[in-house]
Amino acid sequence: MNFTAFTNTRRVLLAWTLLALGTAAHAQQVFRITAIPDESPTELARKAAPLVKYLEGKLGMKVEFTPVTDYAAAVETLANKQTDMAWFGGFTFVQALQRSGGKVIPLVQREEDEKFRSVFITTEPTIKSLADLKGRNVSFGSQSSTSGHLMPRSYLIAAGIDPDKDFKRVAYSGAHDATVAAVSSGKVDAGALNISVWEKLVADKKVDPAKVRVFYTTPTYFDYNWTVHADMPAPLRERLAKAMLDLDKSTAEGREVLELQRATRFIPTRAENYKGIETAARSAGLLK
């Protein structure tokens with residue numbers, strides 16, 4: 001090979017190398033978010049779309065919403081760094097903290113998540129208290145749901161009711177709206193779910209509160225948050241946190257994102273806020 005041919009070959013190889021590096025760098029500029037599937041896939045996608053657009057503008061990179069099949073998958077994708085940020089309930093955050101060996105960081109939560117609640121609903125006129133659930137068919141959401149299972153279960157146990165012994169049957173609907181559907185259709189006598197989803201379904205007239213009524217509302221507890229992997233570069237984490245904290249209902253963009261997220265605003269959070277959830281999960285035998 002003469003010198004000219006050798007030089008040309010080197011140039012071609014260099015060009016291909018630079019192209020490959022550029023492609024890899026571009027691939028890394030996709031910021032992926034996911035969420036526990038506590039509602040229908042279409043509702044989750046609808047809620048995510050304006051947030052995705054907003055974050056693209058703030059982060060200067062492509063943002064994609066990656067749906068998952070169940071709560072465990074949401075935990076795994078963040079623990080394994082297949083996604084960059086995940087919307088967790090309090091219990092799934094605790095699970096992700098354990099699964100990742102402490103390598104996840106809760107970034108922000110809605111102001112509402114400082115004092116979150118669950119509701120128990122029924123169509124049965126004879127059910128007026130938690131004690132009236134004995135001998136009944138009762139539905140929770142997902143087994144890994146904070147507001148649809150863990151905290152309702154913990155308040156039942158505190159009231160002296162063991163769901164596994166005192167209920168005729170325990171069902172798991174998989175999602176909050178599915179719990180409402182199960183109660184509405186008479187498949188179960190009662191169900192427990194996230195108060196935010198319940199209020200949204202009532203406001204949208206997707207459930208008639210004259211037929212399906214709330215008979216018990218739990219005390220408050222910390223719940224949902226947006227969590228990132230601890231290996232995320234600090235500058236990116238700081239930009240992300242600022243973008244979430246800057247969301248404001250005084251702007252059209254901020255109002256759209258916050259209303260779909262059912263949030264007044266986002267505020268900083270920390271892992272210590274979820275110690276109560278961890279204690280409840282261990283007491284209920286749901287966390288080893």
# chains A, B, ... in the order shown; residues from 1 in each chain; ligands from 1
call {"tool": "closest_atom_pairs", "arguments": {"of": "segment 132-180 of chain A", "to": "segment 206-218 of chain A", "cutoff": "10 Å", "atoms": "only C-alpha atoms", "output": "JSON lines"}}
result
{"residue": "A:Ser147", "atom": "CA", "partner": "A:Thr218", "partner_atom": "CA", "distance": 9.7}
{"residue": "A:Met151", "atom": "CA", "partner": "A:Thr218", "partner_atom": "CA", "distance": 8.2}
{"residue": "A:Pro152", "atom": "CA", "partner": "A:Thr218", "partner_atom": "CA", "distance": 7.2}
{"residue": "A:Ser154", "atom": "CA", "partner": "A:Thr218", "partner_atom": "CA", "distance": 9.9}
{"residue": "A:Tyr155", "atom": "CA", "partner": "A:Thr218", "partner_atom": "CA", "distance": 7.1}
{"residue": "A:Leu156", "atom": "CA", "partner": "A:Thr218", "partner_atom": "CA", "distance": 9.6}
{"residue": "A:Asp177", "atom": "CA", "partner": "A:Lys206", "partner_atom": "CA", "distance": 9.7}
{"residue": "A:Val180", "atom": "CA", "partner": "A:Val207", "partner_atom": "CA", "distance": 8.0}
call {"tool": "residues_around", "arguments": {"residues": "Ile36 of chain A", "least_positions_apart": "2", "cutoff": "8 Å", "atoms": "only C-alpha atoms", "output": "mmCIF file with N, CA and C atoms, in the first residue's frame"}}
result
data_model
loop_
_atom_site.group_PDB
_atom_site.id
_atom_site.type_symbol
_atom_site.label_atom_id
_atom_site.label_comp_id
_atom_site.auth_asym_id
_atom_site.auth_seq_id
_atom_site.Cartn_x
_atom_site.Cartn_y
_atom_site.Cartn_z
ATOM 1 N N THR A 34 -39.890 6.719 33.662
ATOM 2 C CA THR A 34 -40.920 5.698 33.750
ATOM 3 C C THR A 34 -41.789 5.978 34.967
ATOM 4 N N ASP A 38 -49.877 2.519 38.099
ATOM 5 C CA ASP A 38 -50.984 2.532 39.052
ATOM 6 C C ASP A 38 -52.297 2.972 38.424
ATOM 7 N N VAL A 68 -43.889 0.499 31.811
ATOM 8 C CA VAL A 68 -43.509 -0.825 32.305
ATOM 9 C C VAL A 68 -44.768 -1.626 32.608
ATOM 10 N N ASP A 70 -45.391 -3.719 35.277
ATOM 11 C CA ASP A 70 -45.830 -3.815 36.666
ATOM 12 C C ASP A 70 -44.904 -3.013 37.576
ATOM 13 N N TYR A 71 -45.235 -2.981 38.857
ATOM 14 C CA TYR A 71 -44.479 -2.180 39.817
ATOM 15 C C TYR A 71 -43.036 -2.684 39.942
ATOM 16 N N ALA A 74 -40.791 -1.347 37.285
ATOM 17 C CA ALA A 74 -40.398 0.045 37.492
ATOM 18 C C ALA A 74 -39.187 0.117 38.425
ATOM 19 N N ALA A 86 -37.752 7.751 37.810
ATOM 20 C CA ALA A 86 -38.978 6.959 37.936
ATOM 21 C C ALA A 86 -39.937 7.608 38.927
ATOM 22 N N TRP A 87 -41.215 7.520 38.589
ATOM 23 C CA TRP A 87 -42.287 7.968 39.484
ATOM 24 C C TRP A 87 -42.666 6.777 40.354
ATOM 25 N N PHE A 88 -42.329 6.871 41.632
ATOM 26 C CA PHE A 88 -42.575 5.786 42.576
ATOM 27 C C PHE A 88 -43.601 6.190 43.625
ATOM 28 N N GLY A 89 -44.297 5.194 44.159
ATOM 29 C CA GLY A 89 -45.018 5.379 45.395
ATOM 30 C C GLY A 89 -44.010 5.235 46.524
#
call {"tool": "select_by_dssp", "arguments": {"residues": "segment 68-228 of chain A", "states": "strand (DSSP E or B)", "output": "number ranges by chain"}}
result
A: 85-88, 104-110, 116, 118-122, 137-140, 169-172, 190-194, 213-217, 221, 225-228
call {"tool": "residues_around", "arguments": {"residues": "Asp189 of chain A", "least_positions_apart": "3", "cutoff": "12 Å", "atoms": "only C-alpha atoms", "output": "PyMOL selection string"}}
result
chain A and resi 120-128+132-140+167-171+179-186+192+212-213
call {"tool": "closest_residue", "arguments": {"among": "A:Lys47, A:Arg153, A:Arg262, A:Lys275", "to": "Glu199 of chain A", "atoms": "only C-alpha atoms"}}
result
A:Arg262
call {"tool": "closest_residue", "arguments": {"among": "A:Thr264, A:Gln29, A:Asn273, A:Ser145", "to": "Met244 of chain A", "atoms": "only C-alpha atoms"}}
result
A:Thr264
call {"tool": "closest_residue", "arguments": {"among": "A:Lys200, A:His229, A:Arg117, A:Lys62", "to": "Glu76 of chain A", "atoms": "only C-alpha atoms"}}
result
A:His229
call {"tool": "closest_residue", "arguments": {"among": "A:Gln82, A:Thr92, A:Ser129, A:Gln143", "to": "Pro67 of chain A", "atoms": "only C-alpha atoms"}}
result
A:Gln82
call {"tool": "closest_residue", "arguments": {"among": "A:Glu56, A:Asp223, A:Glu238, A:Asp248", "to": "Ala271 of chain A", "atoms": "only C-alpha atoms"}}
result
A:Asp223
call {"tool": "residues_around", "arguments": {"residues": "Phe116 of chain A", "least_positions_apart": "6", "cutoff": "9 Å", "atoms": "only C-alpha atoms", "output": "PDB file with C-alpha atoms, in the first residue's frame"}}
result
ATOM      1  CA  SER A 147     -51.779   3.926  48.727  1.00  0.00           C
ATOM      2  CA  ASN A 194     -55.346   6.452  46.278  1.00  0.00           C
ATOM      3  CA  ILE A 195     -57.464   9.477  47.264  1.00  0.00           C
ATOM      4  CA  SER A 196     -56.084  11.531  44.359  1.00  0.00           C
ATOM      5  CA  THR A 218     -56.918   6.950  56.325  1.00  0.00           C
ATOM      6  CA  PRO A 219     -54.660   9.237  58.360  1.00  0.00           C
ATOM      7  CA  THR A 220     -51.931  10.993  56.351  1.00  0.00           C
ATOM      8  CA  TYR A 221     -48.552   9.614  55.296  1.00  0.00           C
ATOM      9  CA  PHE A 222     -45.716  10.437  52.857  1.00  0.00           C
ATOM     10  CA  ASP A 223     -46.197   8.915  49.429  1.00  0.00           C
ATOM     11  CA  TYR A 224     -45.159   9.472  45.794  1.00  0.00           C
TER      12      TYR A 224
END
call {"tool": "closest_residue", "arguments": {"among": "A:Leu51, A:Leu260, A:Val30, A:Ala79", "to": "Val94 of chain A", "atoms": "only C-alpha atoms"}}
result
A:Ala79
call {"tool": "atom_distance", "arguments": {"atom1": "atom CA of Glu259 of chain A", "atom2": "atom CA of Arg237 of chain A"}}
result
23.6 Å
call {"tool": "residues_around", "arguments": {"residues": "Leu236 of chain A", "least_positions_apart": "6", "cutoff": "12 Å", "atoms": "only C-alpha atoms", "output": "list in words"}}
result
Gln29, Phe31, Leu55, Lys58, Leu59, Gly60, Met61, Asp84, Met85, Leu107, Val228, His229, Ala230, Lys242 and Ala243 of chain A
call {"tool": "write_last_selection", "arguments": {"atoms": "C-alpha atoms", "output": "mmCIF file, in the first residue's frame"}}
result
data_model
loop_
_atom_site.group_PDB
_atom_site.id
_atom_site.type_symbol
_atom_site.label_atom_id
_atom_site.label_comp_id
_atom_site.auth_asym_id
_atom_site.auth_seq_id
_atom_site.Cartn_x
_atom_site.Cartn_y
_atom_site.Cartn_z
ATOM 1 C CA GLN A 29 -28.556 12.147 25.186
ATOM 2 C CA PHE A 31 -33.304 10.880 29.060
ATOM 3 C CA LEU A 55 -38.136 18.437 30.359
ATOM 4 C CA LYS A 58 -35.148 22.369 30.225
ATOM 5 C CA LEU A 59 -32.562 19.598 29.857
ATOM 6 C CA GLY A 60 -31.689 20.188 26.207
ATOM 7 C CA MET A 61 -31.981 16.515 25.286
ATOM 8 C CA ASP A 84 -32.982 7.762 34.454
ATOM 9 C CA MET A 85 -35.949 8.813 36.579
ATOM 10 C CA LEU A 107 -35.578 14.024 44.087
ATOM 11 C CA VAL A 228 -33.217 9.109 40.177
ATOM 12 C CA HIS A 229 -30.247 6.739 40.289
ATOM 13 C CA ALA A 230 -27.427 7.912 42.552
ATOM 14 C CA LYS A 242 -34.583 22.831 39.348
ATOM 15 C CA ALA A 243 -36.791 22.096 36.329
#
call {"tool": "residues_around", "arguments": {"residues": "Ala49 of chain A", "least_positions_apart": "5", "cutoff": "12 Å", "atoms": "only C-alpha atoms", "output": "number ranges by chain"}}
result
A: 33-34, 42-44, 54-56, 63-66, 253, 256-258, 260-261
call {"tool": "select_by_dssp", "arguments": {"residues": "segment 61-210 of chain A", "states": "alpha helix (DSSP H)", "output": "PDB file with N, CA and C atoms, in the first residue's frame"}}
result
ATOM      1  N   TYR A  71     -45.235  -2.981  38.857  1.00  0.00           N
ATOM      2  CA  TYR A  71     -44.479  -2.180  39.817  1.00  0.00           C
ATOM      3  C   TYR A  71     -43.036  -2.684  39.942  1.00  0.00           C
ATOM      4  N   ALA A  72     -42.872  -4.000  39.954  1.00  0.00           N
ATOM      5  CA  ALA A  72     -41.532  -4.584  40.096  1.00  0.00           C
ATOM      6  C   ALA A  72     -40.628  -4.154  38.939  1.00  0.00           C
ATOM      7  N   ALA A  73     -41.198  -4.060  37.744  1.00  0.00           N
ATOM      8  CA  ALA A  73     -40.418  -3.656  36.575  1.00  0.00           C
ATOM      9  C   ALA A  73     -39.960  -2.209  36.699  1.00  0.00           C
ATOM     10  N   ALA A  74     -40.791  -1.347  37.285  1.00  0.00           N
ATOM     11  CA  ALA A  74     -40.398   0.045  37.492  1.00  0.00           C
ATOM     12  C   ALA A  74     -39.187   0.117  38.425  1.00  0.00           C
ATOM     13  N   VAL A  75     -39.211  -0.699  39.468  1.00  0.00           N
ATOM     14  CA  VAL A  75     -38.089  -0.756  40.409  1.00  0.00           C
ATOM     15  C   VAL A  75     -36.825  -1.239  39.705  1.00  0.00           C
ATOM     16  N   GLU A  76     -36.950  -2.314  38.937  1.00  0.00           N
ATOM     17  CA  GLU A  76     -35.796  -2.918  38.277  1.00  0.00           C
ATOM     18  C   GLU A  76     -35.173  -1.991  37.237  1.00  0.00           C
ATOM     19  N   THR A  77     -35.995  -1.302  36.463  1.00  0.00           N
ATOM     20  CA  THR A  77     -35.443  -0.453  35.400  1.00  0.00           C
ATOM     21  C   THR A  77     -34.595   0.679  35.962  1.00  0.00           C
ATOM     22  N   LEU A  78     -35.000   1.236  37.110  1.00  0.00           N
ATOM     23  CA  LEU A  78     -34.183   2.299  37.684  1.00  0.00           C
ATOM     24  C   LEU A  78     -32.965   1.718  38.405  1.00  0.00           C
ATOM     25  N   ALA A  79     -33.149   0.638  39.149  1.00  0.00           N
ATOM     26  CA  ALA A  79     -32.027   0.017  39.866  1.00  0.00           C
ATOM     27  C   ALA A  79     -30.927  -0.407  38.896  1.00  0.00           C
ATOM     28  N   GLY A  90     -44.414   5.556  47.745  1.00  0.00           N
ATOM     29  CA  GLY A  90     -43.490   5.443  48.867  1.00  0.00           C
ATOM     30  C   GLY A  90     -42.910   4.054  49.024  1.00  0.00           C
ATOM     31  N   PHE A  91     -43.753   3.027  48.854  1.00  0.00           N
ATOM     32  CA  PHE A  91     -43.295   1.649  49.028  1.00  0.00           C
ATOM     33  C   PHE A  91     -42.360   1.227  47.898  1.00  0.00           C
ATOM     34  N   THR A  92     -42.680   1.586  46.661  1.00  0.00           N
ATOM     35  CA  THR A  92     -41.779   1.215  45.564  1.00  0.00           C
ATOM     36  C   THR A  92     -40.448   1.955  45.673  1.00  0.00           C
ATOM     37  N   PHE A  93     -40.466   3.175  46.239  1.00  0.00           N
ATOM     38  CA  PHE A  93     -39.191   3.852  46.489  1.00  0.00           C
ATOM     39  C   PHE A  93     -38.361   3.053  47.497  1.00  0.00           C
ATOM     40  N   VAL A  94     -39.000   2.609  48.569  1.00  0.00           N
ATOM     41  CA  VAL A  94     -38.296   1.813  49.585  1.00  0.00           C
ATOM     42  C   VAL A  94     -37.754   0.521  48.958  1.00  0.00           C
ATOM     43  N   GLN A  95     -38.553  -0.109  48.100  1.00  0.00           N
ATOM     44  CA  GLN A  95     -38.104  -1.322  47.415  1.00  0.00           C
ATOM     45  C   GLN A  95     -36.907  -1.025  46.500  1.00  0.00           C
ATOM     46  N   ALA A  96     -36.961   0.101  45.784  1.00  0.00           N
ATOM     47  CA  ALA A  96     -35.866   0.470  44.884  1.00  0.00           C
ATOM     48  C   ALA A  96     -34.596   0.790  45.673  1.00  0.00           C
ATOM     49  N   LEU A  97     -34.764   1.425  46.829  1.00  0.00           N
ATOM     50  CA  LEU A  97     -33.619   1.732  47.690  1.00  0.00           C
ATOM     51  C   LEU A  97     -32.943   0.439  48.131  1.00  0.00           C
ATOM     52  N   GLN A  98     -33.751  -0.546  48.509  1.00  0.00           N
ATOM     53  CA  GLN A  98     -33.213  -1.837  48.937  1.00  0.00           C
ATOM     54  C   GLN A  98     -32.615  -2.599  47.762  1.00  0.00           C
ATOM     55  N   ARG A  99     -33.333  -2.628  46.631  1.00  0.00           N
ATOM     56  CA  ARG A  99     -32.893  -3.407  45.469  1.00  0.00           C
ATOM     57  C   ARG A  99     -31.589  -2.861  44.892  1.00  0.00           C
ATOM     58  N   MET A 151     -50.483   0.898  52.874  1.00  0.00           N
ATOM     59  CA  MET A 151     -50.999   1.751  53.943  1.00  0.00           C
ATOM     60  C   MET A 151     -52.438   1.390  54.327  1.00  0.00           C
ATOM     61  N   PRO A 152     -53.334   1.093  53.375  1.00  0.00           N
ATOM     62  CA  PRO A 152     -54.647   0.601  53.792  1.00  0.00           C
ATOM     63  C   PRO A 152     -54.544  -0.659  54.662  1.00  0.00           C
ATOM     64  N   ARG A 153     -53.658  -1.579  54.290  1.00  0.00           N
ATOM     65  CA  ARG A 153     -53.471  -2.798  55.078  1.00  0.00           C
ATOM     66  C   ARG A 153     -52.964  -2.461  56.478  1.00  0.00           C
ATOM     67  N   SER A 154     -52.023  -1.515  56.559  1.00  0.00           N
ATOM     68  CA  SER A 154     -51.457  -1.178  57.870  1.00  0.00           C
ATOM     69  C   SER A 154     -52.504  -0.560  58.789  1.00  0.00           C
ATOM     70  N   TYR A 155     -53.423   0.224  58.228  1.00  0.00           N
ATOM     71  CA  TYR A 155     -54.473   0.815  59.057  1.00  0.00           C
ATOM     72  C   TYR A 155     -55.534  -0.216  59.440  1.00  0.00           C
ATOM     73  N   LEU A 156     -55.744  -1.185  58.575  1.00  0.00           N
ATOM     74  CA  LEU A 156     -56.632  -2.297  58.931  1.00  0.00           C
ATOM     75  C   LEU A 156     -56.051  -3.084  60.111  1.00  0.00           C
ATOM     76  N   ILE A 157     -54.767  -3.399  60.017  1.00  0.00           N
ATOM     77  CA  ILE A 157     -54.099  -4.151  61.091  1.00  0.00           C
ATOM     78  C   ILE A 157     -54.136  -3.354  62.398  1.00  0.00           C
ATOM     79  N   ALA A 158     -53.924  -2.031  62.297  1.00  0.00           N
ATOM     80  CA  ALA A 158     -53.982  -1.177  63.491  1.00  0.00           C
ATOM     81  C   ALA A 158     -55.371  -1.189  64.117  1.00  0.00           C
ATOM     82  N   PRO A 163     -56.475  -8.752  57.105  1.00  0.00           N
ATOM     83  CA  PRO A 163     -57.135  -9.036  55.818  1.00  0.00           C
ATOM     84  C   PRO A 163     -57.044 -10.492  55.391  1.00  0.00           C
ATOM     85  N   ASP A 164     -55.921 -11.141  55.667  1.00  0.00           N
ATOM     86  CA  ASP A 164     -55.733 -12.522  55.215  1.00  0.00           C
ATOM     87  C   ASP A 164     -56.564 -13.529  56.018  1.00  0.00           C
ATOM     88  N   LYS A 165     -56.999 -13.126  57.195  1.00  0.00           N
ATOM     89  CA  LYS A 165     -57.802 -14.025  58.031  1.00  0.00           C
ATOM     90  C   LYS A 165     -59.258 -13.584  58.139  1.00  0.00           C
ATOM     91  N   ASP A 166     -59.465 -12.270  58.142  1.00  0.00           N
ATOM     92  CA  ASP A 166     -60.806 -11.756  58.409  1.00  0.00           C
ATOM     93  C   ASP A 166     -61.643 -11.485  57.169  1.00  0.00           C
ATOM     94  N   HIS A 176     -55.466   1.559  40.655  1.00  0.00           N
ATOM     95  CA  HIS A 176     -56.503   2.246  41.425  1.00  0.00           C
ATOM     96  C   HIS A 176     -57.831   2.323  40.676  1.00  0.00           C
ATOM     97  N   ASP A 177     -57.774   2.683  39.388  1.00  0.00           N
ATOM     98  CA  ASP A 177     -59.029   2.792  38.640  1.00  0.00           C
ATOM     99  C   ASP A 177     -59.681   1.424  38.462  1.00  0.00           C
ATOM    100  N   ALA A 178     -58.858   0.383  38.409  1.00  0.00           N
ATOM    101  CA  ALA A 178     -59.399  -0.976  38.296  1.00  0.00           C
ATOM    102  C   ALA A 178     -60.094  -1.390  39.594  1.00  0.00           C
ATOM    103  N   THR A 179     -59.603  -0.898  40.727  1.00  0.00           N
ATOM    104  CA  THR A 179     -60.263  -1.175  42.010  1.00  0.00           C
ATOM    105  C   THR A 179     -61.651  -0.551  42.024  1.00  0.00           C
ATOM    106  N   VAL A 180     -61.745   0.686  41.550  1.00  0.00           N
ATOM    107  CA  VAL A 180     -63.043   1.363  41.490  1.00  0.00           C
ATOM    108  C   VAL A 180     -64.000   0.592  40.591  1.00  0.00           C
ATOM    109  N   ALA A 181     -63.500   0.120  39.470  1.00  0.00           N
ATOM    110  CA  ALA A 181     -64.340  -0.645  38.539  1.00  0.00           C
ATOM    111  C   ALA A 181     -64.828  -1.937  39.182  1.00  0.00           C
ATOM    112  N   ALA A 182     -63.967  -2.590  39.954  1.00  0.00           N
ATOM    113  CA  ALA A 182     -64.351  -3.843  40.615  1.00  0.00           C
ATOM    114  C   ALA A 182     -65.443  -3.620  41.654  1.00  0.00           C
ATOM    115  N   VAL A 183     -65.323  -2.520  42.395  1.00  0.00           N
ATOM    116  CA  VAL A 183     -66.347  -2.187  43.394  1.00  0.00           C
ATOM    117  C   VAL A 183     -67.642  -1.784  42.702  1.00  0.00           C
ATOM    118  N   SER A 184     -67.538  -0.937  41.687  1.00  0.00           N
ATOM    119  CA  SER A 184     -68.731  -0.450  40.971  1.00  0.00           C
ATOM    120  C   SER A 184     -69.537  -1.579  40.354  1.00  0.00           C
ATOM    121  N   ILE A 195     -56.422   8.454  47.204  1.00  0.00           N
ATOM    122  CA  ILE A 195     -57.464   9.477  47.264  1.00  0.00           C
ATOM    123  C   ILE A 195     -57.429  10.406  46.056  1.00  0.00           C
ATOM    124  N   SER A 196     -56.222  10.646  45.515  1.00  0.00           N
ATOM    125  CA  SER A 196     -56.084  11.531  44.359  1.00  0.00           C
ATOM    126  C   SER A 196     -56.785  10.962  43.130  1.00  0.00           C
ATOM    127  N   VAL A 197     -56.607   9.676  42.892  1.00  0.00           N
ATOM    128  CA  VAL A 197     -57.279   9.031  41.749  1.00  0.00           C
ATOM    129  C   VAL A 197     -58.786   9.044  41.963  1.00  0.00           C
ATOM    130  N   TRP A 198     -59.213   8.752  43.184  1.00  0.00           N
ATOM    131  CA  TRP A 198     -60.646   8.752  43.494  1.00  0.00           C
ATOM    132  C   TRP A 198     -61.262  10.123  43.186  1.00  0.00           C
ATOM    133  N   GLU A 199     -60.646  11.185  43.670  1.00  0.00           N
ATOM    134  CA  GLU A 199     -61.185  12.525  43.458  1.00  0.00           C
ATOM    135  C   GLU A 199     -61.205  12.902  41.984  1.00  0.00           C
ATOM    136  N   LYS A 200     -60.187  12.448  41.240  1.00  0.00           N
ATOM    137  CA  LYS A 200     -60.135  12.727  39.798  1.00  0.00           C
ATOM    138  C   LYS A 200     -61.255  11.992  39.068  1.00  0.00           C
ATOM    139  N   LEU A 201     -61.494  10.740  39.421  1.00  0.00           N
ATOM    140  CA  LEU A 201     -62.565   9.967  38.785  1.00  0.00           C
ATOM    141  C   LEU A 201     -63.940  10.581  39.068  1.00  0.00           C
ATOM    142  N   VAL A 202     -64.122  11.072  40.284  1.00  0.00           N
ATOM    143  CA  VAL A 202     -65.391  11.728  40.640  1.00  0.00           C
ATOM    144  C   VAL A 202     -65.534  13.026  39.856  1.00  0.00           C
ATOM    145  N   ALA A 203     -64.462  13.826  39.803  1.00  0.00           N
ATOM    146  CA  ALA A 203     -64.500  15.107  39.087  1.00  0.00           C
ATOM    147  C   ALA A 203     -64.777  14.918  37.605  1.00  0.00           C
TER     148      ALA A 203
END
call {"tool": "residues_around", "arguments": {"residues": "segment 281-284 of chain A", "least_positions_apart": "4", "cutoff": "7 Å", "atoms": "only C-alpha atoms", "output": "PyMOL selection string"}}
result
chain A and resi 150+154+277+288
call {"tool": "write_last_selection", "arguments": {"atoms": "N, CA and C atoms", "output": "PDB file, in the first residue's frame"}}
result
ATOM      1  N   LEU A 150     -50.390  -1.203  50.788  1.00  0.00           N
ATOM      2  CA  LEU A 150     -49.593  -1.200  52.013  1.00  0.00           C
ATOM      3  C   LEU A 150     -50.213  -0.371  53.132  1.00  0.00           C
ATOM      4  N   SER A 154     -52.023  -1.515  56.559  1.00  0.00           N
ATOM      5  CA  SER A 154     -51.457  -1.178  57.870  1.00  0.00           C
ATOM      6  C   SER A 154     -52.504  -0.560  58.789  1.00  0.00           C
ATOM      7  N   ILE A 277     -42.927   4.405  55.899  1.00  0.00           N
ATOM      8  CA  ILE A 277     -43.385   3.437  54.907  1.00  0.00           C
ATOM      9  C   ILE A 277     -42.603   2.131  55.064  1.00  0.00           C
ATOM     10  N   LYS A 288     -38.598  -7.707  53.487  1.00  0.00           N
ATOM     11  CA  LYS A 288     -37.729  -8.538  54.332  1.00  0.00           C
ATOM     12  C   LYS A 288     -36.531  -7.746  54.813  1.00  0.00           C
TER      13      LYS A 288
END
